[in-house]
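Chemist: Input: one structure, supplied below.
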Amino acid sequence: MPPIAFLTMDSLADFVAYDQLVVEQLRQAGITVHDVSWRHPQPNWDQYSLVIIRSPWDYQAAPEAFLAVLEQIEQSSARLLNSLETVRWNIRKTYLRQLEQAGHTIVPTVWLESPTAAELNCVIAYWNTPEIVVKPLIGANADNAFRLPADAAPHLLQQAANAFRHTTALAQPFIDSVVNTGEYSLIFFNGRYSHAVLKTPRSGDFRVQEEHGGIIRTIQPAPDIIACAERSLLSCPQPLLYARVDLVRLPAGQPAIMEIELIEPSLYLSFDPQSPARFADCILRALDTPDHPS
């Protein structure tokens, strides 16, 4: 059996990754896994049966170069999962607008083209909210995410505006439940719910990623949270080997989509003892079914 590749980055030294747990499961099944950086200068993709995107957590710095690498993989004899079509759909957060148009509840969002400091200030007034969060159209790890209060100092507004010069940003009201309750991350393999975690930021921060001090714990979400996540995946390109849906509760209590992560989400495999085996089983099925991962 040819090896498979987990697409990653040059160094994960500053990140928390769990993929070794599924690598061990695959090893026990006789499958060899190679970690291959997407920045590798001359990889031989043809030697792999599958290339699974796992932890290229710096792609947002060069998204077009990243997509070009994925195109090379798609043109090889290896099978890319999730697919290039899926990545192209998911890499820009405009997919949230498509979800909203399809009837899914998302965190309220406005789209700003090269926003000025004055325009950012107007967004705060538009929602009459104490704070907003402004994010890049293509982003990961909360890079270039700004939390702007209603009384934001001019230099902070200008700093945010400078970050989004010549690009599109999305602005959302800051959802208090992120701090008070947490952000839910639900993990799916082959479209089936596997497990979930609740992520809360450290004191004084709003970023829930572990790299920023976020606190992660296992949780069994309420049925409406699971149902919201399951419905949202129906509007995504199919099939999906893996998916992570991040949700919050809005002030009125209803669940809302924060993000759908289909490219390189952390799958929090250590938070559910059976999840590495479930993910490994889906990968083994993909090896047996070349045209479909389920």
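The way I read the labels, and the way they are meant: chains A, B, ... in the order of the structure tokens, residue 1 as the first residue of every chain, and ligand 1 as the first ligand shown, with later ones counted on from there.
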Counting only C-alpha atoms, which residues of stretch 172-280 of chain A sit at most 8 Å from some atom of stretch 61-82 of chain A, and what is each one's closest atom pair with its distance in Å to one decimal, listed by chain and rising residue number, as CSV?

Modeler:
residue,atom,partner,partner_atom,distance
A:Leu240,CA,A:Asn82,CA,6.1
A:Leu241,CA,A:Asn82,CA,6.1
A:Tyr242,CA,A:Asn82,CA,7.3
A:Leu262,CA,A:Asn82,CA,7.1
A:Ile263,CA,A:Asn82,CA,6.7

Chemist: Would you please extract all helix (DSSP H, G or I) residues from stretch 68-234 of chain A, as assigned by DSSP on the backbone, and give them as a PyMOL selection string?

Modeler: chain A and resi 68-75+84-90+95-101+117-127+154-163+177-180+210-212+223-233

Chemist: Would you export the selected residues with C-alpha atoms as a PDB file, in the first residue's frame, please?

Modeler:
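Ended up saving to again_34.pdb:
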ATOM      1  CA  ALA A  68      -1.290  26.441  -6.573  1.00  0.00           C
ATOM      2  CA  VAL A  69       0.200  23.593  -4.529  1.00  0.00           C
ATOM      3  CA  LEU A  70      -3.231  22.034  -4.120  1.00  0.00           C
ATOM      4  CA  GLU A  71      -3.720  22.260  -7.874  1.00  0.00           C
ATOM      5  CA  GLN A  72      -0.472  20.325  -8.345  1.00  0.00           C
ATOM      6  CA  ILE A  73      -1.741  17.638  -5.991  1.00  0.00           C
ATOM      7  CA  GLU A  74      -5.059  17.432  -7.829  1.00  0.00           C
ATOM      8  CA  GLN A  75      -3.188  16.972 -11.099  1.00  0.00           C
ATOM      9  CA  LEU A  84      -9.662  21.532  -4.143  1.00  0.00           C
ATOM     10  CA  GLU A  85     -13.270  22.519  -4.915  1.00  0.00           C
ATOM     11  CA  THR A  86     -13.999  22.499  -1.193  1.00  0.00           C
ATOM     12  CA  VAL A  87     -10.920  24.554  -0.360  1.00  0.00           C
ATOM     13  CA  ARG A  88     -11.730  27.153  -3.002  1.00  0.00           C
ATOM     14  CA  TRP A  89     -15.235  27.488  -1.573  1.00  0.00           C
ATOM     15  CA  ASN A  90     -14.063  27.692   2.042  1.00  0.00           C
ATOM     16  CA  TYR A  95     -19.029  31.501   2.051  1.00  0.00           C
ATOM     17  CA  LEU A  96     -20.759  32.853   5.175  1.00  0.00           C
ATOM     18  CA  ARG A  97     -22.815  35.131   2.957  1.00  0.00           C
ATOM     19  CA  GLN A  98     -23.836  32.111   0.883  1.00  0.00           C
ATOM     20  CA  LEU A  99     -24.857  30.249   4.027  1.00  0.00           C
ATOM     21  CA  GLU A 100     -26.973  33.185   5.136  1.00  0.00           C
ATOM     22  CA  GLN A 101     -28.631  33.387   1.717  1.00  0.00           C
ATOM     23  CA  ALA A 117     -11.071  54.233  10.278  1.00  0.00           C
ATOM     24  CA  ALA A 118     -14.230  56.324   9.964  1.00  0.00           C
ATOM     25  CA  GLU A 119     -16.130  53.457   8.322  1.00  0.00           C
ATOM     26  CA  LEU A 120     -15.093  51.066  11.083  1.00  0.00           C
ATOM     27  CA  ASN A 121     -16.377  53.559  13.607  1.00  0.00           C
ATOM     28  CA  CYS A 122     -19.666  53.771  11.704  1.00  0.00           C
ATOM     29  CA  VAL A 123     -20.083  49.994  11.871  1.00  0.00           C
ATOM     30  CA  ILE A 124     -19.925  50.166  15.652  1.00  0.00           C
ATOM     31  CA  ALA A 125     -22.658  52.814  15.598  1.00  0.00           C
ATOM     32  CA  TYR A 126     -24.689  50.861  12.992  1.00  0.00           C
ATOM     33  CA  TRP A 127     -25.121  47.931  15.350  1.00  0.00           C
ATOM     34  CA  PRO A 154      -8.321  56.836  16.732  1.00  0.00           C
ATOM     35  CA  HIS A 155      -4.942  55.103  16.539  1.00  0.00           C
ATOM     36  CA  LEU A 156      -6.559  51.685  17.116  1.00  0.00           C
ATOM     37  CA  LEU A 157      -9.156  52.316  14.406  1.00  0.00           C
ATOM     38  CA  GLN A 158      -6.388  53.407  12.057  1.00  0.00           C
ATOM     39  CA  GLN A 159      -4.313  50.336  12.894  1.00  0.00           C
ATOM     40  CA  ALA A 160      -7.244  48.116  11.930  1.00  0.00           C
ATOM     41  CA  ALA A 161      -7.891  50.110   8.764  1.00  0.00           C
ATOM     42  CA  ASN A 162      -4.237  49.781   7.770  1.00  0.00           C
ATOM     43  CA  ALA A 163      -4.449  45.995   8.129  1.00  0.00           C
ATOM     44  CA  SER A 177     -21.400  34.475  24.879  1.00  0.00           C
ATOM     45  CA  VAL A 178     -17.911  33.839  23.490  1.00  0.00           C
ATOM     46  CA  VAL A 179     -16.562  35.084  26.822  1.00  0.00           C
ATOM     47  CA  ASN A 180     -19.467  34.165  29.098  1.00  0.00           C
ATOM     48  CA  GLU A 210      -4.959  27.376  22.312  1.00  0.00           C
ATOM     49  CA  GLU A 211      -2.019  29.266  20.845  1.00  0.00           C
ATOM     50  CA  HIS A 212      -3.531  32.440  22.335  1.00  0.00           C
ATOM     51  CA  PRO A 223     -29.480  19.218  20.398  1.00  0.00           C
ATOM     52  CA  ASP A 224     -30.116  22.610  18.755  1.00  0.00           C
ATOM     53  CA  ILE A 225     -26.366  23.239  18.489  1.00  0.00           C
ATOM     54  CA  ILE A 226     -25.802  19.867  16.801  1.00  0.00           C
ATOM     55  CA  ALA A 227     -28.784  20.334  14.491  1.00  0.00           C
ATOM     56  CA  CYS A 228     -27.576  23.792  13.418  1.00  0.00           C
ATOM     57  CA  ALA A 229     -24.140  22.405  12.580  1.00  0.00           C
ATOM     58  CA  GLU A 230     -25.536  19.422  10.686  1.00  0.00           C
ATOM     59  CA  ARG A 231     -27.828  21.625   8.592  1.00  0.00           C
ATOM     60  CA  SER A 232     -24.992  23.984   7.708  1.00  0.00           C
ATOM     61  CA  LEU A 233     -22.892  21.179   6.229  1.00  0.00           C
TER      62      LEU A 233
END

Chemist: Measure the distance from atom CA of A:Ala13 to atom CA of A:Ser270 in Å and round it to one decimal.

Modeler: 18.1 Å

Chemist: If you measure from atom CA of A:Ile219 to atom CA of A:Ala196, what distance in Å do you get, rounded to one decimal?

Modeler: 5.8 Å

Chemist: Rank A:Asp281, A:Asp272, A:Asp19, A:Asp176 by their smallest atom-to-atom distance to A:Gly253, using only C-alpha atoms, and report the top residue only.

Modeler: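 Under the stated criterion, the closest residue is A:Asp176.
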
Chemist: For A:Leu148, which residue among A:Ser275, A:Thr109, A:Thr116, A:Gln172 is the nearest when counting only C-alpha atoms?

Modeler: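 Answer, going by the shortest atom-to-atom distance: A:Gln172.
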
Chemist: Determine which residues of stretch 132-238 of chain A receive a DSSP assignment of strand (DSSP E), computed from the backbone, and state them as a ChimeraX atom specification.

Modeler: /A:132-136,146-149,168-173,183-189,192-200,215-218

Chemist: When distances are computed from only C-alpha atoms, which of A:Tyr193, A:Trp45, A:Tyr268, A:Phe146 shows the smallest separation from A:Ile4?

Modeler: A:Trp45

Chemist: Residues near A:Glu24, anyone? I mean within 10 Å using only C-alpha atoms, not counting same-chain ones fewer than 5 positions away, as an NGL selection string.

Modeler: :A and (19 or 29-33 or 276-277 or 280)

Chemist: Just the residues within 6 Å of A:Pro149, please, counting only C-alpha atoms, with nothing from its chain fewer than 2 positions along; format it as a list in words.

Modeler: Pro130, Glu131, Asp151 and Ala152 of chain A

Chemist: Deliver the residues from the most recent selection as a file, using N, CA and C atoms, as a JSON list (two decimals), in the first residue's frame.

Modeler:
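Dumped to selection.json:
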[["chain", "number", "residue", "atom", "x", "y", "z"],
["A", 130, "PRO", "N", -21.54, 47.50, 21.99],
["A", 130, "PRO", "CA", -20.36, 47.98, 22.72],
["A", 130, "PRO", "C", -19.05, 47.70, 22.00],
["A", 131, "GLU", "N", -19.02, 46.62, 21.19],
["A", 131, "GLU", "CA", -17.77, 46.22, 20.55],
["A", 131, "GLU", "C", -18.07, 45.52, 19.23],
["A", 151, "ASP", "N", -15.72, 53.10, 22.06],
["A", 151, "ASP", "CA", -14.89, 54.27, 22.30],
["A", 151, "ASP", "C", -13.45, 54.04, 21.85],
["A", 152, "ALA", "N", -13.30, 53.25, 20.78],
["A", 152, "ALA", "CA", -11.95, 52.92, 20.30],
["A", 152, "ALA", "C", -11.15, 54.19, 20.00]]

Chemist: Can you work out the spacing between atom CA of A:Ser49 and atom CA of A:Ser83 in Å, to one decimal?

Modeler: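 Computing it gives 14.0 Å between the two atoms.
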